[in-house]
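**Student:** One structure follows; several queries about it will come next.
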Amino acid sequence: MVGIAAIGVTLSFGGMQAQTIYVSPRGRDQASGSKGSPVASLQQAIQLARATREHVVEIEAGIYVLPAPLHLTAADSGLSLGAAAGQHVTLSGGTRVQEWKLVDRQRSLWSATLPAGVAPPRQIYIDGVRARRAKGRVPVGLTMTDRGYTADSDLLAHWKHPEEMEFVYTGGNALWSEPEVGLGGWTEPRCPLASIHGTEIEMAQPCWDNSTKRIKTAGATRPNNLVGPASVGKQPTFMENAYELLGTPGEFYFDRTSRKLFYTPRSGEDLRNADVEAPVLESLLEIAGDEAKPAHDITIAGLTFAYAGWQEPSGPEGFSEIQANYRVTGKDGATRQALCTLAPQGTCPYAAWSPEPANVTTHFADSVHFKRDTFTHLGAAGLAIADGAHNNLVEGCVFSDISGNGLELAGVAAPEAADPAFAVGNKVENNLFRNVGAEFHGGIPIVVGYARFSHIAHNQIDHVPYAGISMGWGGWPDKIGLPGVANRSTGNVVEKNRITRFMLNLADGGGIYTQGRTGVTIADGEHVEGNVIDLQFSTGHGIYTDNGSAMITIRGNVVFNTNHDNIASAHKDYYDGLKGDVNDPLAIEDNWWQQGDPDSDAKQIVRSGNHLIDALNQAPGEVLSSAGLEPAFRDLLAPPARAVAPEAPTGVAVFLTPAEAYVTWRPSVFEGGAAVDRYIVRSSDGGETVLSAAEFDRLGYAVQKLKPGAESLRFTVSASNAAGVSVASLPSLPVSRATSQQPVPGKPDEASVEIQGTRASIHFAAPKNSKDIIAYAVTVDPDGRHEVFTGRRVLTLAGTHRTFVTLDGLTPGRQYRFAVSAINPSGEGEKLWVEGKHTN
């Protein structure tokens, strides 16, 4: 195994040297465990420590393949388990796959037999780099039925093992040729196929019903769960796990019948000597006490947890996502699970859907410290600190290449539990989260359910497919005039985190996302302070106060270059017998943003002292430098020893004029350890265009001249970095050449301008009945200044949403008029003029 690093730390108690049990790859489990006679396995070391009451287990560098999960209990309280200083220690739940043979030269397809007892893998890793299951666009037309689909041909019925295939439904932003499906823009549910008979496709149960039949009561406009639509939509975005889809480098397929693993190597990979790892275990470490006798005072330091999987999404349950990788499960999930009084025979409490398990967990554990550990190459969530968690610390850890959520703190099933069973006083500080949600793209780096006095601080989060930090739960009933779930959350602080390059795949989230009531008063509620958030790709908010979010102070944050609002949104207050005449209480004070809202104090929302900026460096240097990893932990940002080519972009969307193609996409989340520097766009008629990553950030799209001839085209996009070029994305859906130039857009639906000193914040909505808008222009009167604004935020602006742009260089106190106009390939449309309002 390669590509994994961990940082060793010295273990001691209160400055006193403890007796130590030593573990080494050179050891023997019959040995005493002394330094000169180490044991070979972690299991034996833990047994010795428990029997001899020694409290330090020091592990020599090496890879320790676990035959079963490690279990620590209350009997192990006081134990420190960690790497020797400066040593790299990996605890692996995987097995090495060897004896590869070339079986199809044309497709460069290699095969090996998976060892007996290993479940069909959802991921494998080649020299420390994740491979993906073979995937492609669905090659037949589909019409939804009660049990699945009717296809327009029997093609799929002739493929190998249809019951192993999986349909995937991606949310995100609908744009140009690419629709949004899924169960909300923030989700990416997936369901296996059960069988195919001719043209009839039957989907696996209960996944299908849980993803297409979420109950609605008579006359209701939304499902009773109040979260997203009732069904995934009519067409999957793509399909996975079919032998016939093989041939793309970096993709694999496992044939359950023959137990053969098939894989096409990427450039530079040689399977004859590569380290190919398949996950075997689903749990690597569990620390568990009980309410009466919790495990306590345990330190896990300098260890890498790697190569564990999660099989449930491959079975009948599939992955019927609600939000943040919580799922609807069980035979009656769509009609009963967590619906409480909102549905007949609903289970309580409301919103207690099934959590994603983690590969490392704690239950009823106090003062457990994870220090300088690495969680990587994992198939579920990374680390879950669950019920009955008190005063635990996660510090200096790295979470990367994790299929689902990074760190899950507290749950959502016991909102009013007493403190012994609640999550109280836990800290998540100075950790790096990157490429979390690598398979289940609704995964979030830090997910906190119902908790008290949590401290989430100085973490760096970047390059993730959805939101950065999620806090709280259960606020959705405000949609039907009811209060959110009563809970004991209070005193949580989210401060000085650095969040950038987020929401690269899915939409309707935030850098920091909050849900439900967080305290009794503003003073004891959640505090979101001193965070720096920028470079959000999909629509949403920098700091997002979603349904039922109440008693939150949002102070001293820097929010820049987001997609739609910086800080939002307001929701009607139905708590404590209120009837929605006022909003849930929020205090939005002394932030630096582009939003530009004037000071106000109305309906329980206070906006005060916020500062308008036109560039990130206009915020105070102290705030910018204090956010993210503190100096002692910035070594976590060091680049890997070996960079690889990035993963392919996704979501390629296109529209055509008579002479040109306009192409956009979602950028690579995993950049391979070196920044993406350019993108290569190719069309099915042989056209090619190269666009720098900087230009893609600025424009949000590429333009390619069309060749004479083809009327219907598909497009792919590849990403390049210093280490190489990715494989091509999945192709766009076919698009047809326009026969005539479309008219210029109409004027924007609405606009307003707030002026603060020399800067203006211009808010606007898209024109009605106009499409394919690629930019907006702002004209300033009396100066005659004309500024054009581009980027993803203007491409995705639609419906009732508003976005904003800022400009600097105005004369303080001067009266200005501003015009906003939309631009498409035919030119600039009609201007909408508005008066600027001075806010100071």
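Convention: chains lettered A, B, ... in structure tokens order; per-chain residue numbering from 1; ligands numbered from 1 as shown.
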As a PyMOL selection string, please: every residue in stretch 573-646 of chain A that a backbone DSSP assignment puts in strand (DSSP E or B).
**Tutor:** chain A and resi 583+586-589+592-593+600-602+605-608+611-612
**Student:** What does the file look like for those residues with C-alpha atoms, as a PDB file, in the first residue's frame?
**Tutor:**
ATOM      1  CA  ASN A 583     -39.327  35.448  11.667  1.00  0.00           C
ATOM      2  CA  LEU A 586     -31.261  35.904  13.877  1.00  0.00           C
ATOM      3  CA  ALA A 587     -28.524  38.472  14.540  1.00  0.00           C
ATOM      4  CA  ILE A 588     -26.433  39.244  11.427  1.00  0.00           C
ATOM      5  CA  GLU A 589     -23.769  41.683  12.576  1.00  0.00           C
ATOM      6  CA  TRP A 592     -17.862  41.492   5.438  1.00  0.00           C
ATOM      7  CA  TRP A 593     -19.882  40.573   2.359  1.00  0.00           C
ATOM      8  CA  SER A 600     -32.496  46.829   9.948  1.00  0.00           C
ATOM      9  CA  ASP A 601     -34.300  45.441  12.976  1.00  0.00           C
ATOM     10  CA  ALA A 602     -37.593  43.914  11.958  1.00  0.00           C
ATOM     11  CA  ILE A 605     -33.983  39.605  12.449  1.00  0.00           C
ATOM     12  CA  VAL A 606     -31.271  42.167  13.191  1.00  0.00           C
ATOM     13  CA  ARG A 607     -28.824  43.279  10.496  1.00  0.00           C
ATOM     14  CA  SER A 608     -26.255  45.685  11.832  1.00  0.00           C
ATOM     15  CA  HIS A 611     -19.420  45.901   5.570  1.00  0.00           C
ATOM     16  CA  LEU A 612     -19.662  45.832   1.776  1.00  0.00           C
TER      17      LEU A 612
END
**Student:** Identify, on the basis of only C-alpha atoms, every residue whose closest approach to stretch 801-816 of chain A does not exceed 8 Å; exclude the query and any residue fewer than 6 positions from it along the same chain; express the result as a PDB file with N, CA, C and O atoms, in the first residue's frame.
**Tutor:**
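Writing done, so here's result-v6.pdb:
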ATOM      1  N   ASN A 563     -22.675  31.949  -4.659  1.00  0.00           N
ATOM      2  CA  ASN A 563     -23.662  31.836  -5.727  1.00  0.00           C
ATOM      3  C   ASN A 563     -25.022  32.070  -5.096  1.00  0.00           C
ATOM      4  O   ASN A 563     -25.546  31.214  -4.397  1.00  0.00           O
ATOM      5  N   HIS A 564     -25.609  33.228  -5.328  1.00  0.00           N
ATOM      6  CA  HIS A 564     -26.798  33.768  -4.678  1.00  0.00           C
ATOM      7  C   HIS A 564     -26.382  34.418  -3.356  1.00  0.00           C
ATOM      8  O   HIS A 564     -25.295  34.966  -3.247  1.00  0.00           O
ATOM      9  N   ASP A 565     -27.215  34.342  -2.332  1.00  0.00           N
ATOM     10  CA  ASP A 565     -26.989  35.164  -1.150  1.00  0.00           C
ATOM     11  C   ASP A 565     -25.731  34.772  -0.387  1.00  0.00           C
ATOM     12  O   ASP A 565     -25.359  33.609  -0.323  1.00  0.00           O
ATOM     13  N   GLN A 594     -20.644  40.783   0.091  1.00  0.00           N
ATOM     14  CA  GLN A 594     -21.065  41.483  -1.123  1.00  0.00           C
ATOM     15  C   GLN A 594     -22.568  41.729  -1.137  1.00  0.00           C
ATOM     16  O   GLN A 594     -23.077  42.374  -2.057  1.00  0.00           O
ATOM     17  N   GLN A 595     -23.252  41.240  -0.129  1.00  0.00           N
ATOM     18  CA  GLN A 595     -24.710  41.305  -0.123  1.00  0.00           C
ATOM     19  C   GLN A 595     -25.226  42.725   0.038  1.00  0.00           C
ATOM     20  O   GLN A 595     -26.228  43.088  -0.575  1.00  0.00           O
ATOM     21  N   ILE A 613     -17.875  44.652   0.590  1.00  0.00           N
ATOM     22  CA  ILE A 613     -16.548  44.524  -0.020  1.00  0.00           C
ATOM     23  C   ILE A 613     -16.691  44.123  -1.482  1.00  0.00           C
ATOM     24  O   ILE A 613     -17.671  43.500  -1.894  1.00  0.00           O
ATOM     25  N   ASP A 614     -15.691  44.502  -2.264  1.00  0.00           N
ATOM     26  CA  ASP A 614     -15.650  44.177  -3.699  1.00  0.00           C
ATOM     27  C   ASP A 614     -14.504  43.219  -4.018  1.00  0.00           C
ATOM     28  O   ASP A 614     -14.374  42.761  -5.141  1.00  0.00           O
ATOM     29  N   GLN A 756     -22.720  51.696  -0.281  1.00  0.00           N
ATOM     30  CA  GLN A 756     -22.046  51.919   0.998  1.00  0.00           C
ATOM     31  C   GLN A 756     -20.691  52.533   0.691  1.00  0.00           C
ATOM     32  O   GLN A 756     -19.786  51.864   0.190  1.00  0.00           O
ATOM     33  N   GLY A 757     -20.550  53.830   0.938  1.00  0.00           N
ATOM     34  CA  GLY A 757     -19.301  54.519   0.646  1.00  0.00           C
ATOM     35  C   GLY A 757     -19.015  54.514  -0.838  1.00  0.00           C
ATOM     36  O   GLY A 757     -19.807  55.007  -1.650  1.00  0.00           O
ATOM     37  N   THR A 758     -17.885  53.947  -1.245  1.00  0.00           N
ATOM     38  CA  THR A 758     -17.490  53.917  -2.658  1.00  0.00           C
ATOM     39  C   THR A 758     -17.982  52.671  -3.387  1.00  0.00           C
ATOM     40  O   THR A 758     -17.682  52.487  -4.573  1.00  0.00           O
ATOM     41  N   ARG A 759     -18.727  51.792  -2.679  1.00  0.00           N
ATOM     42  CA  ARG A 759     -19.091  50.491  -3.250  1.00  0.00           C
ATOM     43  C   ARG A 759     -20.595  50.332  -3.358  1.00  0.00           C
ATOM     44  O   ARG A 759     -21.355  50.866  -2.543  1.00  0.00           O
ATOM     45  N   ALA A 760     -20.984  49.573  -4.368  1.00  0.00           N
ATOM     46  CA  ALA A 760     -22.398  49.295  -4.580  1.00  0.00           C
ATOM     47  C   ALA A 760     -22.620  47.799  -4.697  1.00  0.00           C
ATOM     48  O   ALA A 760     -21.810  47.072  -5.272  1.00  0.00           O
ATOM     49  N   SER A 761     -23.719  47.327  -4.145  1.00  0.00           N
ATOM     50  CA  SER A 761     -24.164  45.950  -4.287  1.00  0.00           C
ATOM     51  C   SER A 761     -25.424  45.965  -5.148  1.00  0.00           C
ATOM     52  O   SER A 761     -26.422  46.586  -4.781  1.00  0.00           O
ATOM     53  N   ILE A 762     -25.347  45.323  -6.306  1.00  0.00           N
ATOM     54  CA  ILE A 762     -26.440  45.357  -7.278  1.00  0.00           C
ATOM     55  C   ILE A 762     -27.136  43.997  -7.263  1.00  0.00           C
ATOM     56  O   ILE A 762     -26.531  42.976  -7.602  1.00  0.00           O
ATOM     57  N   HIS A 763     -28.394  43.961  -6.852  1.00  0.00           N
ATOM     58  CA  HIS A 763     -29.174  42.735  -6.766  1.00  0.00           C
ATOM     59  C   HIS A 763     -30.121  42.670  -7.963  1.00  0.00           C
ATOM     60  O   HIS A 763     -30.719  43.686  -8.340  1.00  0.00           O
ATOM     61  N   PHE A 764     -30.307  41.470  -8.531  1.00  0.00           N
ATOM     62  CA  PHE A 764     -31.210  41.371  -9.682  1.00  0.00           C
ATOM     63  C   PHE A 764     -31.705  39.945  -9.866  1.00  0.00           C
ATOM     64  O   PHE A 764     -31.101  38.980  -9.357  1.00  0.00           O
ATOM     65  N   ALA A 765     -32.800  39.822 -10.592  1.00  0.00           N
ATOM     66  CA  ALA A 765     -33.387  38.536 -10.957  1.00  0.00           C
ATOM     67  C   ALA A 765     -33.356  38.403 -12.469  1.00  0.00           C
ATOM     68  O   ALA A 765     -33.279  39.397 -13.207  1.00  0.00           O
ATOM     69  N   ALA A 766     -33.429  37.166 -12.941  1.00  0.00           N
ATOM     70  CA  ALA A 766     -33.335  36.910 -14.376  1.00  0.00           C
ATOM     71  C   ALA A 766     -34.567  37.429 -15.107  1.00  0.00           C
ATOM     72  O   ALA A 766     -35.652  37.521 -14.534  1.00  0.00           O
ATOM     73  N   VAL A 780     -23.672  52.503 -15.189  1.00  0.00           N
ATOM     74  CA  VAL A 780     -23.760  53.483 -14.110  1.00  0.00           C
ATOM     75  C   VAL A 780     -23.990  54.858 -14.710  1.00  0.00           C
ATOM     76  O   VAL A 780     -23.264  55.291 -15.613  1.00  0.00           O
ATOM     77  N   ASP A 781     -25.003  55.543 -14.215  1.00  0.00           N
ATOM     78  CA  ASP A 781     -25.295  56.919 -14.622  1.00  0.00           C
ATOM     79  C   ASP A 781     -25.138  57.819 -13.401  1.00  0.00           C
ATOM     80  O   ASP A 781     -25.661  57.473 -12.330  1.00  0.00           O
ATOM     81  N   PRO A 782     -24.356  58.915 -13.449  1.00  0.00           N
ATOM     82  CA  PRO A 782     -23.993  59.656 -14.667  1.00  0.00           C
ATOM     83  C   PRO A 782     -22.626  59.307 -15.264  1.00  0.00           C
ATOM     84  O   PRO A 782     -22.235  59.909 -16.268  1.00  0.00           O
ATOM     85  N   PHE A 789     -20.540  41.231 -16.007  1.00  0.00           N
ATOM     86  CA  PHE A 789     -20.314  40.228 -14.977  1.00  0.00           C
ATOM     87  C   PHE A 789     -20.652  38.850 -15.531  1.00  0.00           C
ATOM     88  O   PHE A 789     -21.724  38.632 -16.085  1.00  0.00           O
ATOM     89  N   ARG A 793     -22.592  31.992 -11.309  1.00  0.00           N
ATOM     90  CA  ARG A 793     -23.759  32.547 -10.630  1.00  0.00           C
ATOM     91  C   ARG A 793     -24.764  33.139 -11.620  1.00  0.00           C
ATOM     92  O   ARG A 793     -25.963  33.095 -11.382  1.00  0.00           O
ATOM     93  N   VAL A 794     -24.280  33.697 -12.730  1.00  0.00           N
ATOM     94  CA  VAL A 794     -25.219  34.275 -13.688  1.00  0.00           C
ATOM     95  C   VAL A 794     -25.771  33.202 -14.622  1.00  0.00           C
ATOM     96  O   VAL A 794     -26.892  33.320 -15.116  1.00  0.00           O
ATOM     97  N   GLU A 835     -32.732  53.329  -8.993  1.00  0.00           N
ATOM     98  CA  GLU A 835     -31.980  54.325  -8.222  1.00  0.00           C
ATOM     99  C   GLU A 835     -31.157  53.625  -7.144  1.00  0.00           C
ATOM    100  O   GLU A 835     -31.628  52.704  -6.490  1.00  0.00           O
ATOM    101  N   GLY A 836     -29.918  54.049  -6.971  1.00  0.00           N
ATOM    102  CA  GLY A 836     -29.092  53.518  -5.896  1.00  0.00           C
ATOM    103  C   GLY A 836     -29.502  54.117  -4.560  1.00  0.00           C
ATOM    104  O   GLY A 836     -29.833  55.304  -4.462  1.00  0.00           O
ATOM    105  N   HIS A 838     -28.308  54.846  -0.691  1.00  0.00           N
ATOM    106  CA  HIS A 838     -27.162  54.927   0.216  1.00  0.00           C
ATOM    107  C   HIS A 838     -27.553  54.361   1.580  1.00  0.00           C
ATOM    108  O   HIS A 838     -28.591  54.716   2.142  1.00  0.00           O
TER     109      HIS A 838
END
**Student:** Please build the interface table for stretch 386-503 of chain A against stretch 321-328 of chain A with a cut-off of 9 Å, listing for each qualifying residue the nearest atom pair and the distance in Å to one decimal; count only C-alpha atoms, order rows by chain and increasing number, and write it as a tab-separated table.
**Tutor:**
residue	atom	partner	partner_atom	distance
A:Gly404	CA	A:Asn325	CA	6.9
A:Asn405	CA	A:Asn325	CA	7.1
A:Phe440	CA	A:Asn325	CA	7.2
A:His441	CA	A:Asn325	CA	8.4
A:Gly442	CA	A:Ala324	CA	5.4
A:Gly443	CA	A:Ala324	CA	5.4
A:Ile444	CA	A:Ala324	CA	6.2
A:Val447	CA	A:Ala324	CA	7.5
A:Tyr466	CA	A:Ala324	CA	8.9
A:Ala467	CA	A:Ala324	CA	8.7
A:Ser470	CA	A:Ala324	CA	8.0
**Student:** Go ahead and dump the residues you just picked, C-alpha atoms, as a compact mmCIF listing (two decimals), in the first residue's frame.
**Tutor:**
# COMPACT_ATOMS: atom_id res chain seq x y z
CA GLY A 404 -19.67 9.91 2.40
CA ASN A 405 -19.61 12.37 5.27
CA PHE A 440 -22.12 9.88 -2.17
CA HIS A 441 -21.93 13.49 -3.28
CA GLY A 442 -24.40 14.80 -0.70
CA GLY A 443 -21.75 14.00 1.92
CA ILE A 444 -20.58 16.88 4.10
CA VAL A 447 -22.26 17.05 10.16
CA TYR A 466 -21.67 19.89 -1.45
CA ALA A 467 -21.84 21.91 1.78
CA SER A 470 -24.04 21.26 8.66
**Student:** For the structure I just gave you, how does DSSP split stretch 339-579 of chain A - specifically, which residues are helix (DSSP H, G or I)? Reply as a PDB file with C-alpha atoms, in the first residue's frame.
**Tutor:**
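After the write, out.pdb holds the following:
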ATOM      1  CA  CYS A 340     -44.322  11.023  13.335  1.00  0.00           C
ATOM      2  CA  THR A 341     -47.708  12.795  13.433  1.00  0.00           C
ATOM      3  CA  LEU A 342     -47.466  13.913   9.800  1.00  0.00           C
ATOM      4  CA  ASP A 419     -27.080  14.964  29.025  1.00  0.00           C
ATOM      5  CA  PRO A 420     -25.761  11.442  29.744  1.00  0.00           C
ATOM      6  CA  ALA A 421     -27.083  10.324  26.328  1.00  0.00           C
ATOM      7  CA  TRP A 476     -38.767  21.668   8.133  1.00  0.00           C
ATOM      8  CA  PRO A 477     -42.277  21.760   9.730  1.00  0.00           C
ATOM      9  CA  ASP A 478     -42.270  25.553   9.405  1.00  0.00           C
ATOM     10  CA  LYS A 479     -43.236  24.870   5.768  1.00  0.00           C
ATOM     11  CA  ILE A 480     -46.709  23.874   7.004  1.00  0.00           C
ATOM     12  CA  TYR A 575     -42.025  28.201  17.960  1.00  0.00           C
ATOM     13  CA  ASP A 576     -43.570  28.810  21.422  1.00  0.00           C
ATOM     14  CA  GLY A 577     -47.082  29.257  20.048  1.00  0.00           C
TER      15      GLY A 577
END
**Student:** At a cut-off of 7 Å, using only C-alpha atoms, what residues contact A:Glu408? Leave out same-chain residues fewer than 6 positions from it and give the result as a PyMOL selection string.
**Tutor:** chain A and resi 383-385+446-448
**Student:** Would you output that residue set with N, CA and C atoms, as a CSV table (one decimal), in the first residue's frame?
**Tutor:**
chain,number,residue,atom,x,y,z
A,383,LEU,N,-15.6,9.3,10.4
A,383,LEU,CA,-15.6,9.1,11.9
A,383,LEU,C,-17.0,9.6,12.4
A,384,ALA,N,-17.6,8.8,13.2
A,384,ALA,CA,-18.9,9.1,13.9
A,384,ALA,C,-18.7,9.2,15.4
A,385,ILE,N,-18.9,10.3,16.0
A,385,ILE,CA,-18.9,10.5,17.4
A,385,ILE,C,-20.4,10.6,17.8
A,446,ILE,N,-18.3,18.1,7.9
A,446,ILE,CA,-18.7,18.1,9.3
A,446,ILE,C,-20.2,18.2,9.4
A,447,VAL,N,-20.8,17.1,10.0
A,447,VAL,CA,-22.3,17.1,10.2
A,447,VAL,C,-22.6,16.9,11.6
A,448,VAL,N,-23.3,17.9,12.2
A,448,VAL,CA,-23.6,17.9,13.6
A,448,VAL,C,-25.1,17.8,13.7
**Student:** Any idea what's packed within 6 Å of A:Gly491, counting only C-alpha atoms, ignoring anything in its chain fewer than 5 positions away? Could you give it as a PyMOL selection string?
**Tutor:** chain A and resi 452-453+524-526
